[in-house]
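For reference, work.cif (mmCIF, C-alpha atoms):
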data_input
loop_
_atom_site.label_atom_id
_atom_site.label_comp_id
_atom_site.auth_asym_id
_atom_site.auth_seq_id
_atom_site.Cartn_x
_atom_site.Cartn_y
_atom_site.Cartn_z
CA VAL A 1 82.25 88.49 103.13
CA THR A 2 82.87 91.49 100.89
CA GLY A 3 85.16 90.10 98.19
CA VAL A 4 85.75 86.67 96.62
CA TYR A 5 88.08 85.33 93.95
CA THR A 6 88.92 81.85 92.63
CA TYR A 7 92.32 80.97 91.17
CA PRO A 8 92.59 78.64 88.15
CA ASN A 9 93.77 75.85 90.50
CA GLY A 10 90.45 76.03 92.37
CA VAL A 11 91.72 77.81 95.50
CA HIS A 12 89.19 80.39 96.74
CA ILE A 13 90.19 83.56 98.60
CA PHE A 14 87.98 86.04 100.42
CA ALA A 15 87.85 89.07 102.73
CA ALA A 16 85.28 89.49 105.49
CA ASN A 17 84.49 92.39 107.80
CA PHE A 18 84.68 91.82 111.55
CA PRO A 19 82.48 94.46 113.22
CA ASP A 20 83.91 94.37 116.73
CA MET A 21 84.37 97.46 118.93
CA TYR A 22 87.10 98.44 116.47
CA ALA A 23 85.79 97.32 113.09
CA ASN A 24 88.33 95.34 111.12
CA TYR A 25 88.47 92.79 108.31
CA GLN A 26 89.97 89.34 108.07
CA LEU A 27 91.31 87.27 105.18
CA GLY A 28 90.85 83.63 104.32
CA ASN A 29 91.35 80.97 101.70
CA ILE A 30 89.68 77.63 100.97
CA ASN A 31 91.12 74.78 98.91
CA PRO A 32 89.07 72.93 96.25
CA ASN A 33 88.01 70.36 98.85
CA GLY A 34 86.42 72.99 101.07
CA LEU A 35 89.16 73.10 103.73
CA GLY A 36 90.54 76.51 104.59
CA MET A 37 91.93 78.97 107.07
CA TYR A 38 91.08 82.41 108.39
CA CYS A 39 93.65 85.03 109.48
CA ASP A 40 93.29 87.94 111.87
CA ASN A 41 94.26 91.32 110.43
CA SER A 42 94.65 93.85 113.24
CA PHE A 43 95.82 97.39 112.58
CA ASP A 44 98.22 98.89 115.12
CA GLU A 45 96.60 102.32 115.35
CA ASN A 46 95.67 102.29 119.06
CA GLY A 47 92.03 101.84 118.16
CA ALA A 48 91.83 105.23 116.42
CA PHE A 49 90.21 103.97 113.22
CA HIS A 50 87.71 101.47 111.86
CA HIS A 51 88.66 99.52 108.72
CA PHE A 52 85.96 98.14 106.40
CA SER A 53 86.91 95.94 103.43
CA LYS A 54 84.98 96.80 100.25
CA ASP A 55 86.60 94.73 97.49
CA LEU A 56 89.40 92.25 96.82
CA LEU A 57 91.81 92.13 93.86
CA ALA A 58 94.26 89.26 93.31
CA LEU A 59 97.52 90.38 91.67
CA THR A 60 99.33 87.01 91.80
CA ASP A 61 98.73 83.63 93.44
CA SER A 62 100.08 85.04 96.71
CA ILE A 63 99.61 88.84 96.51
CA TRP A 64 96.19 90.46 97.14
CA LEU A 65 94.94 94.02 97.36
CA ILE A 66 92.11 94.99 99.70
CA LEU A 67 90.11 98.13 98.96
CA GLU A 68 88.85 99.63 102.20
CA ASN A 69 87.10 102.50 103.90
CA ARG A 70 88.97 103.93 106.89
CA MET A 71 86.84 105.85 109.38
CA PRO A 72 87.81 107.57 112.66
CA PHE A 73 86.65 105.61 115.69
CA ALA A 74 85.01 108.74 117.09
CA GLY A 75 83.04 109.18 113.85
CA GLY A 76 83.48 111.46 110.86
CA ASN A 77 84.23 111.24 107.17
CA LYS A 78 85.57 108.04 105.64
CA SER A 79 88.72 107.86 103.48
CA ILE A 80 89.59 105.32 100.78
CA TYR A 81 92.66 103.13 101.38
CA LEU A 82 94.45 100.22 99.75
CA SER A 83 96.32 97.47 101.57
CA GLU A 84 98.58 94.84 100.00
CA TYR A 85 98.92 91.37 101.52
CA GLN A 86 101.17 88.39 100.85
CA TYR A 87 100.09 84.83 101.59
CA ASN A 88 102.77 82.70 103.22
CA TYR A 89 102.14 79.06 102.31
CA ASP A 90 104.57 77.83 104.99
CA ILE A 91 102.83 79.33 108.05
CA PRO A 92 100.10 79.58 106.51
CA CYS A 93 98.93 83.16 107.02
CA HIS A 94 98.72 86.59 105.38
CA SER A 95 101.20 89.40 105.98
CA ARG A 96 100.37 93.05 105.31
CA LEU A 97 103.04 94.63 103.10
CA TRP A 98 101.63 98.16 103.12
CA HIS A 99 98.54 100.25 103.90
CA ARG A 100 98.15 103.52 101.96
CA PRO A 101 95.52 106.19 101.26
CA ILE A 102 94.40 106.69 97.67
CA LEU A 103 91.78 109.39 98.33
CA THR A 104 91.12 111.49 101.42
CA ASP A 105 88.94 114.56 101.88
CA PRO A 106 88.83 116.67 105.05
CA VAL A 107 85.36 118.00 104.19
CA ASN A 108 83.43 115.38 102.18
CA ASP A 109 82.61 111.75 102.99
CA LEU A 110 84.00 109.02 100.70
CA SER A 111 82.74 105.49 100.08
CA ALA A 112 84.76 102.83 98.22
CA ILE A 113 82.88 100.61 95.72
CA GLY A 114 85.26 98.45 93.67
CA ILE A 115 88.70 98.11 92.13
CA GLN A 116 90.06 96.63 88.88
CA ARG A 117 93.48 96.31 87.27
CA LEU A 118 94.05 98.03 83.93
CA PRO A 119 95.94 96.44 81.00
CA SER A 120 98.80 98.85 81.78
CA GLY A 121 99.14 97.37 85.26
CA ASP A 122 97.75 100.47 86.94
CA LEU A 123 94.62 100.38 89.11
CA ILE A 124 91.23 102.05 88.75
CA THR A 125 89.00 102.44 91.80
CA LEU A 126 85.33 103.41 91.82
CA GLY A 127 83.84 105.20 94.78
CA ASN A 128 81.25 107.76 95.78
CA VAL A 129 81.67 111.19 97.33
CA ARG A 130 79.06 112.90 99.49
CA SER A 131 79.16 116.67 99.68
CA SER A 132 79.09 118.27 103.11
CA VAL A 133 76.95 121.05 101.59
CA THR A 134 74.29 118.69 100.20
CA PRO A 135 74.71 115.49 102.29
CA GLU A 136 71.75 113.80 100.59
CA ILE A 137 73.65 113.74 97.27
CA TRP A 138 76.26 111.09 96.36
CA ASN A 139 78.26 111.31 93.11
CA PRO A 140 80.69 108.82 91.52
CA VAL A 141 84.44 109.32 91.78
CA LEU A 142 87.11 107.51 89.73
CA ILE A 143 90.61 107.15 91.17
CA LYS A 144 93.58 106.02 89.09
CA THR A 145 96.74 104.90 90.87
CA ASP A 146 99.75 102.77 90.08
CA VAL A 147 99.97 99.30 91.57
CA GLU A 148 101.77 100.73 94.62
CA ALA A 149 98.78 103.03 95.36
CA ASN A 150 100.57 106.20 94.20
CA PRO A 151 97.87 108.62 92.90
CA ILE A 152 97.77 109.44 89.19
CA TRP A 153 94.43 111.30 89.01
CA SER A 154 90.92 111.37 90.44
CA VAL A 155 87.73 112.67 88.82
CA THR A 156 84.31 113.29 90.37
CA LEU A 157 81.32 112.87 88.04
CA THR A 158 79.06 115.60 89.37
CA ASP A 159 75.28 115.42 89.04
CA ALA A 160 72.59 117.69 90.45
CA ASN A 161 70.68 114.59 91.55
CA ASN A 162 71.61 111.90 94.04
CA ALA A 163 73.49 109.69 91.55
CA GLY A 164 75.68 107.22 93.40
CA ALA A 165 77.84 104.72 91.52
CA VAL A 166 76.94 101.03 91.77
CA GLN A 167 79.56 99.14 89.71
CA MET A 168 81.96 99.69 86.81
CA ALA A 169 83.39 97.84 83.82
CA LEU A 170 86.48 98.49 81.70
CA ALA A 171 85.78 99.69 78.16
CA PRO A 172 87.79 98.23 75.24
CA ASP A 173 88.97 101.73 74.25
CA GLY A 174 90.60 102.31 77.64
CA GLY A 175 87.67 104.23 79.12
CA PHE A 176 85.20 103.18 81.77
CA TYR A 177 81.53 102.26 82.03
CA ILE A 178 79.75 103.15 85.27
CA LEU A 179 76.32 102.00 86.36
CA LYS A 180 74.75 104.51 88.72
CA SER A 181 71.52 104.81 90.67
CA VAL A 182 69.87 108.18 90.06
CA LYS A 183 67.11 109.47 92.30
CA THR A 184 64.84 112.13 90.79
CA GLY A 185 61.68 113.95 91.82
CA SER A 186 60.11 114.00 95.25
CA ALA A 187 57.06 112.50 96.97
CA PRO A 188 57.60 109.92 95.62
CA VAL A 189 61.26 109.76 94.63
CA LYS A 190 61.88 107.87 91.38
CA THR A 191 65.01 105.70 91.12
CA GLU A 192 66.55 105.07 87.71
CA ALA A 193 69.42 103.00 86.31
CA TRP A 194 71.85 105.12 84.29
CA LEU A 195 74.83 103.93 82.25
CA VAL A 196 77.77 106.36 81.96
CA LYS A 197 80.74 106.12 79.58
CA THR A 198 83.97 108.02 80.27
CA ASP A 199 87.23 108.26 78.37
CA ALA A 200 90.54 106.96 79.72
CA GLN A 201 90.94 110.14 81.81
CA GLY A 202 87.55 109.77 83.49
CA GLN A 203 85.84 112.51 81.47
CA VAL A 204 82.19 111.79 80.66
CA GLU A 205 81.50 111.05 76.98
CA TRP A 206 77.82 110.09 77.27
CA GLN A 207 75.20 108.77 79.68
CA ASN A 208 71.93 106.95 79.03
CA ASN A 209 68.84 106.38 81.16
CA LEU A 210 68.23 102.61 81.02
CA SER A 211 64.96 102.78 82.99
CA GLY A 212 63.03 105.23 80.83
CA THR A 213 59.64 105.77 82.45
CA LEU A 214 60.13 102.81 84.81
CA SER A 215 61.55 102.90 88.33
CA ASP A 216 64.55 100.59 88.83
CA THR A 217 67.23 100.07 91.46
CA PRO A 218 70.41 98.97 89.64
CA GLY A 219 72.71 96.47 91.32
CA ALA A 220 75.30 95.04 88.94
CA LEU A 221 77.16 95.69 85.68
CA ALA A 222 79.30 93.45 83.46
CA ILE A 223 80.83 93.72 80.01
CA GLY A 224 80.20 90.83 77.64
CA ALA A 225 82.66 89.02 75.42
CA ASP A 226 81.13 90.91 72.47
CA SER A 227 81.70 94.28 74.26
CA SER A 228 77.99 94.65 75.02
CA LEU A 229 76.98 95.78 78.51
CA ILE A 230 74.79 93.77 80.88
CA ALA A 231 73.02 95.57 83.72
CA ALA A 232 70.86 93.95 86.39
CA GLY A 233 68.84 95.11 89.36
CA VAL A 234 65.40 95.30 90.95
CA SER A 235 62.28 96.64 89.26
CA ASN A 236 60.47 98.93 91.68
CA ASP A 237 57.07 98.43 90.04
CA GLY A 238 56.64 95.00 91.59
CA THR A 239 57.79 92.87 88.64
CA GLY A 240 60.91 91.59 90.44
CA LEU A 241 64.29 91.67 88.71
CA PHE A 242 65.39 93.31 85.48
CA LEU A 243 68.18 92.28 83.11
CA ILE A 244 69.26 94.63 80.31
CA ARG A 245 71.76 94.20 77.48
CA THR A 246 73.00 97.27 75.62
CA ASP A 247 75.36 97.75 72.71
CA PRO A 248 78.75 99.43 73.39
CA ALA A 249 77.10 102.83 72.81
CA GLY A 250 74.59 102.23 75.61
CA ASN A 251 71.58 101.59 73.37
CA ILE A 252 69.24 98.95 74.81
CA VAL A 253 69.22 95.72 72.77
CA TRP A 254 66.70 93.95 75.01
CA ARG A 255 65.22 94.03 78.50
CA GLN A 256 63.84 91.08 80.45
CA ASP A 257 61.88 91.27 83.71
CA PHE A 258 61.59 88.37 86.15
CA ALA A 259 58.92 87.81 88.79
CA LEU A 260 60.35 86.18 91.91
CA PRO A 261 58.47 85.21 95.11
CA PHE A 262 60.21 87.81 97.28
CA GLN A 263 59.20 91.19 98.68
CA GLU A 264 62.66 92.66 99.32
CA MET A 265 65.39 91.98 96.75
CA ASP A 266 68.78 93.19 95.58
CA ILE A 267 71.38 92.08 93.04
CA CYS A 268 75.10 92.07 93.83
CA LYS A 269 76.57 90.50 90.66
CA VAL A 270 75.81 89.65 87.05
CA LEU A 271 78.12 87.10 85.41
CA GLU A 272 78.63 85.92 81.83
CA HIS A 273 79.57 82.28 81.17
CA ASP A 274 81.86 81.19 78.34
CA ASN A 275 78.82 80.04 76.33
CA GLY A 276 77.23 83.49 76.64
CA GLU A 277 74.65 82.52 79.26
CA LEU A 278 74.13 84.94 82.13
CA ALA A 279 73.67 84.58 85.88
CA MET A 280 72.29 87.08 88.40
CA VAL A 281 73.30 86.65 92.04
CA GLY A 282 71.33 88.38 94.75
CA THR A 283 69.24 88.23 97.90
CA GLY A 284 65.48 88.00 98.36
CA ASP A 285 63.80 88.15 101.77
CA GLY A 286 66.95 86.87 103.45
CA ASN A 287 67.60 84.13 100.88
CA ILE A 288 70.63 84.08 98.57
CA PHE A 289 69.67 83.09 95.02
CA VAL A 290 71.12 82.61 91.53
CA VAL A 291 69.03 83.11 88.37
CA ARG A 292 70.58 81.76 85.16
CA THR A 293 69.40 82.83 81.72
CA THR A 294 70.31 82.38 78.07
CA ALA A 295 72.38 85.04 76.33
CA GLU A 296 69.06 86.65 75.34
CA GLY A 297 67.76 86.74 78.92
CA THR A 298 65.37 83.78 78.71
CA PRO A 299 65.22 82.01 82.11
CA VAL A 300 67.03 78.66 82.35
CA TRP A 301 66.86 77.93 86.10
CA GLU A 302 66.73 79.54 89.54
CA ARG A 303 68.36 78.31 92.75
CA ASN A 304 67.40 79.47 96.24
CA TYR A 305 69.91 78.79 99.04
CA GLY A 306 67.77 79.96 101.96
CA ARG A 307 67.94 78.22 105.35
CA PRO A 308 65.26 78.26 108.09
CA ASN A 309 65.80 80.90 110.78
CA ALA A 310 69.11 82.04 109.26
CA PRO A 311 68.69 85.13 107.04
CA GLN A 312 71.40 85.57 104.41
CA LYS A 313 72.85 88.41 102.34
CA ALA A 314 74.98 88.03 99.18
CA ASN A 315 77.69 90.68 98.69
CA ASP A 316 79.93 89.30 95.94
CA ALA A 317 80.23 86.37 93.54
CA CYS A 318 82.50 85.01 90.83
CA LEU A 319 82.64 82.14 88.37
CA THR A 320 84.90 79.21 89.26
CA PRO A 321 87.11 77.20 86.85
CA ASP A 322 84.58 74.34 86.80
CA GLY A 323 81.86 76.71 85.53
CA GLY A 324 80.23 76.97 88.94
CA TYR A 325 79.80 79.81 91.40
CA LEU A 326 81.50 81.15 94.52
CA ILE A 327 79.21 83.45 96.50
CA GLY A 328 80.27 85.48 99.52
CA GLY A 329 78.08 87.26 102.04
CA ARG A 330 76.78 86.86 105.57
CA THR A 331 74.23 84.86 107.51
CA PHE A 332 72.61 85.57 110.85
CA ASN A 333 71.74 82.97 113.46
CA GLN A 334 71.90 84.77 116.83
CA ILE A 335 75.25 86.23 115.68
CA ILE A 336 76.48 87.33 112.25
CA HIS A 337 78.73 84.88 110.39
CA ALA A 338 80.80 85.29 107.24
CA TYR A 339 79.15 83.02 104.67
CA LEU A 340 80.46 81.29 101.53
CA ILE A 341 78.57 79.15 99.03
CA LYS A 342 80.25 76.98 96.37
CA ALA A 343 77.84 75.66 93.75
CA ASP A 344 78.44 73.70 90.55
CA GLN A 345 77.53 74.82 87.00
CA ASN A 346 73.89 73.93 87.65
CA GLY A 347 73.75 75.90 90.89
CA ILE A 348 73.77 72.72 93.00
CA ILE A 349 75.74 72.79 96.26
CA LYS A 350 75.98 69.03 96.82
CA PRO A 351 75.71 67.11 93.55
CA GLY A 352 74.12 63.70 93.93
CA LEU A 353 72.06 64.67 96.96
CA ILE A 354 69.09 66.16 95.11
CA HIS A 355 65.73 65.01 96.42
CA GLY A 356 62.07 65.89 96.03
CA ASN A 357 60.19 66.35 92.76
CA VAL A 358 63.02 65.18 90.50
CA PHE A 359 62.57 64.27 86.84
CA GLN A 360 64.79 63.51 83.86
CA ASP A 361 65.64 66.48 81.65
CA LEU A 362 68.32 65.34 79.20
CA ASN A 363 67.96 68.21 76.74
CA ALA A 364 67.95 70.93 79.47
CA ASP A 365 64.70 72.52 78.30
CA CYS A 366 63.24 72.40 81.84
CA LEU A 367 60.56 69.93 80.69
CA GLN A 368 60.33 66.28 81.67
CA ASP A 369 61.76 63.93 79.05
CA THR A 370 59.89 60.73 78.16
#
Step by step, read the file and then write its structure as structure tokens.
Amino acid sequence: VTGVYTYPNGVHIFAANFPDMYANYQLGNINPNGLGMYCDNSFDENGAFHHFSKDLLALTDSIWLILENRMPFAGGNKSIYLSEYQYNYDIPCHSRLWHRPILTDPVNDLSAIGIQRLPSGDLITLGNVRSSVTPEIWNPVLIKTDVEANPIWSVTLTDANNAGAVQMALAPDGGFYILKSVKTGSAPVKTEAWLVKTDAQGQVEWQNNLSGTLSDTPGALAIGADSSLIAAGVSNDGTGLFLIRTDPAGNIVWRQDFALPFQEMDICKVLEHDNGELAMVGTGDGNIFVVRTTAEGTPVWERNYGRPNAPQKANDACLTPDGGYLIGGRTFNQIIHAYLIKADQNGIIKPGLIHGNVFQDLNADCLQDT
């Protein structure tokens, strides 16, 4: 599963890649009771291209956009495409309305990252471009189109280092924030989290190194209700996860590091609740997890959704109307399966079925009440 979204009525929608001989993606939806359907989505191109979904954007309760990478079956550079789908409640199934390129390059390789809708109704897409001259270097690219995928402009944010984009957020002034992973030095290579601010035309205004002397692998970016920025990722010095809040100018307000019992970790999403509390969603040693903190980054609880002999990987997550979580990814048990988790506001999958070392905690301070 590469993209998830929950409507206010509790209906969940998702896109999932299907890596058959001709890679394709499929679409699905699940009602609030957990019942759903899954639709095939074949492209009539005589097997000439692979199609990989990268993100999902809901325009209405029945119209979705899928951001995708399109790659020749015989190999070669990827292009960035958009497809629009309409959900027919009578069949029920999804119909493709159109499939259009938003950025192609005959020389350089392109990778789609994410898409958001602007207040104007236009679309902004984040991707990465890899130069054919220096194939070890990825740089961010911003692509603005109208809602019909007609190009308006595209801008590449060039960097001498390998500085691939990770995620973006919309700035209140109409510009864009981009979190990127910058690799510097050699033997060993140091990875840093950098925050970039552009204007509404994609021109860089400033960029700040959030890692300083540390080595971090950034994974997620969100903008808070107070216009602060929240960045999350993995600390490469063995401390586990990092969570950083900056002011709108990119100055660090605080940083919190979290030690988790995993060797290999990544973060796919950081979310802000209505009360200001934060949640990091990621994967550790094949286990999907959620870490919830206060608005200041103090840990509140952690949930681990691992299953024996079935490694998992989280790719996307969103908050649901009940204050809970919808997490999309994959699990492997002899074959790869698309995987969805719906948890409540406390990170519990099946309320009322908790067992083990349970105690009463009425004031939610994580200590046993007397």
Please work out which residues fall within 10 Å of (80.8, 92.6, 72.1), coordinates as given in the file, with only C-alpha atoms counting, and return them as a PDB file with C-alpha atoms, keeping the file's coordinate frame.
ATOM      1  CA  PRO A 172      87.790  98.230  75.240  1.00  0.00           C
ATOM      2  CA  ILE A 223      80.830  93.720  80.010  1.00  0.00           C
ATOM      3  CA  GLY A 224      80.200  90.830  77.640  1.00  0.00           C
ATOM      4  CA  ALA A 225      82.660  89.020  75.420  1.00  0.00           C
ATOM      5  CA  ASP A 226      81.130  90.910  72.470  1.00  0.00           C
ATOM      6  CA  SER A 227      81.700  94.280  74.260  1.00  0.00           C
ATOM      7  CA  SER A 228      77.990  94.650  75.020  1.00  0.00           C
ATOM      8  CA  LEU A 229      76.980  95.780  78.510  1.00  0.00           C
ATOM      9  CA  THR A 246      73.000  97.270  75.620  1.00  0.00           C
ATOM     10  CA  ASP A 247      75.360  97.750  72.710  1.00  0.00           C
ATOM     11  CA  PRO A 248      78.750  99.430  73.390  1.00  0.00           C
TER      12      PRO A 248
END
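Neighbourhood of point (85.1, 95.3, 115.0): residues with an atom at most 12 Å away, counting all atoms listed in the file, are Ala16, Asn17, Phe18, Pro19, Asp20, Met21, Tyr22, Ala23, Asn24, Tyr25, Gln26, Asp40, Asn41, Ser42, Phe43, Gly47, Phe49, His50, His51, Phe52, Ser53 and Phe73 of chain A.
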Item to check | Residue with smallest distance to A:Lys54 - pool A:Val107, A:Tyr85, A:Leu118, A:Leu126, counting all atoms listed in the file | outcome: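 Checking each of A:Val107, A:Tyr85, A:Leu118, A:Leu126 against A:Lys54, counting all atoms listed in the file, the winner is A:Leu126.
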Item to check | Matched chain/residue IDs from the PyMOL selection byres ((chain A and resi 7) around 9), as a list of chain:residue names | outcome: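 Checking the PyMOL selection byres ((chain A and resi 7) around 9) against this file, the residues are A:Tyr5, A:Thr6, A:Pro8, A:Asn9, A:Gly10, A:Val11, A:His12, A:Ile13, A:Ala58, A:Asp61, A:Thr320, A:Pro321.
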Item to check | Selection: 7 Å around A:Phe176, only C-alpha atoms, excl. self and same-chain fewer than 4 positions, as a ChimeraX atom specification | outcome: /A:168-171,197-200
Checklist entry - Hey, what comes out of the PyMOL selection byres ((chain A and resi 28) around 7) on this file? Could you write it as a PyMOL selection string? => result chain A and resi 13-15+26-27+29-30+37-39
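By all atoms listed in the file, and with residues fewer than 2 positions from stretch 339-347 of chain A along its chain excluded, the set lying at most 6 Å from it is Gly323, Gly324, Tyr325, Leu326, Ile327, Gly328, Gly329, Arg330, Thr331 and Ile349 of chain A.
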Next on the checklist: Using only C-alpha atoms, which protein or nucleic acid residues come within 10 Å of A:Glu192? Drop anything in the same chain fewer than 4 positions from it, and give the result as a ChimeraX atom specification.
Outcome noted: /A:163,180-184,209-218,235-236
Residues as selected, C-alpha atoms, written as a PDB file, keeping the file's coordinate frame, can you do that?
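Okay, again.pdb is ready:
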ATOM      1  CA  ALA A 163      73.490 109.690  91.550  1.00  0.00           C
ATOM      2  CA  LYS A 180      74.750 104.510  88.720  1.00  0.00           C
ATOM      3  CA  SER A 181      71.520 104.810  90.670  1.00  0.00           C
ATOM      4  CA  VAL A 182      69.870 108.180  90.060  1.00  0.00           C
ATOM      5  CA  LYS A 183      67.110 109.470  92.300  1.00  0.00           C
ATOM      6  CA  THR A 184      64.840 112.130  90.790  1.00  0.00           C
ATOM      7  CA  ASN A 209      68.840 106.380  81.160  1.00  0.00           C
ATOM      8  CA  LEU A 210      68.230 102.610  81.020  1.00  0.00           C
ATOM      9  CA  SER A 211      64.960 102.780  82.990  1.00  0.00           C
ATOM     10  CA  GLY A 212      63.030 105.230  80.830  1.00  0.00           C
ATOM     11  CA  THR A 213      59.640 105.770  82.450  1.00  0.00           C
ATOM     12  CA  LEU A 214      60.130 102.810  84.810  1.00  0.00           C
ATOM     13  CA  SER A 215      61.550 102.900  88.330  1.00  0.00           C
ATOM     14  CA  ASP A 216      64.550 100.590  88.830  1.00  0.00           C
ATOM     15  CA  THR A 217      67.230 100.070  91.460  1.00  0.00           C
ATOM     16  CA  PRO A 218      70.410  98.970  89.640  1.00  0.00           C
ATOM     17  CA  SER A 235      62.280  96.640  89.260  1.00  0.00           C
ATOM     18  CA  ASN A 236      60.470  98.930  91.680  1.00  0.00           C
TER      19      ASN A 236
END
Checklist entry - atom CA of A:Glu68 and atom CA of A:Gln116 are how many Å apart? => result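 Spanning atom CA of A:Glu68 to atom CA of A:Gln116 is a straight-line distance of 13.7 Å.
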Next on the checklist: Need the shell around A:Ile230: protein/DNA/RNA residues with any atom at most 9 Å away, counting all atoms listed in the file. Skip same-chain ones fewer than 5 positions apart. Format as an NGL selection string?
Outcome noted: :A and (220-224 or 243-246 or 270-272 or 278)
With 3 Å added on each side, what axis-aligned box encloses every listed atom of stretch 25-33 of chain A? Give the centre and edge lengths in Å to one decimal, as lines of an AutoDock Vina configuration file.
center_x = 89.7
center_y = 81.6
center_z = 102.3
size_x = 9.3
size_y = 28.4
size_z = 18.1
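Atom CA of A:Asp237 sits 12.8 Å away from atom CA of A:Leu260.
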Checklist entry - How many Å separate atom CA of A:Thr156 from atom CA of A:Val1? => result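 Taking atom CA of A:Thr156 and atom CA of A:Val1, their separation equals 28.0 Å.
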Checklist entry - On this structure, which residues satisfy the PyMOL selection byres ((chain A and resi 79) around 12), written as a PyMOL selection string? => result chain A and resi 49-52+67-72+75-78+80-82+100-112+127-130
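Remark: for A:Val281, the closest of the candidate residues A:Ile252, A:Leu241, A:Ala338, A:Val133 is A:Leu241 (distances computed over all atoms listed in the file).
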Contacts of A:Phe242 within 9 Å, all atoms listed in the file, excl. fewer than 4 positions in-chain, as a PDB file with C-alpha atoms, in the coordinates of the input:
ATOM      1  CA  ASP A 216      64.550 100.590  88.830  1.00  0.00           C
ATOM      2  CA  PRO A 218      70.410  98.970  89.640  1.00  0.00           C
ATOM      3  CA  ALA A 231      73.020  95.570  83.720  1.00  0.00           C
ATOM      4  CA  ALA A 232      70.860  93.950  86.390  1.00  0.00           C
ATOM      5  CA  GLY A 233      68.840  95.110  89.360  1.00  0.00           C
ATOM      6  CA  VAL A 234      65.400  95.300  90.950  1.00  0.00           C
ATOM      7  CA  SER A 235      62.280  96.640  89.260  1.00  0.00           C
ATOM      8  CA  ARG A 255      65.220  94.030  78.500  1.00  0.00           C
ATOM      9  CA  GLN A 256      63.840  91.080  80.450  1.00  0.00           C
ATOM     10  CA  ASP A 257      61.880  91.270  83.710  1.00  0.00           C
ATOM     11  CA  PHE A 258      61.590  88.370  86.150  1.00  0.00           C
TER      12      PHE A 258
END
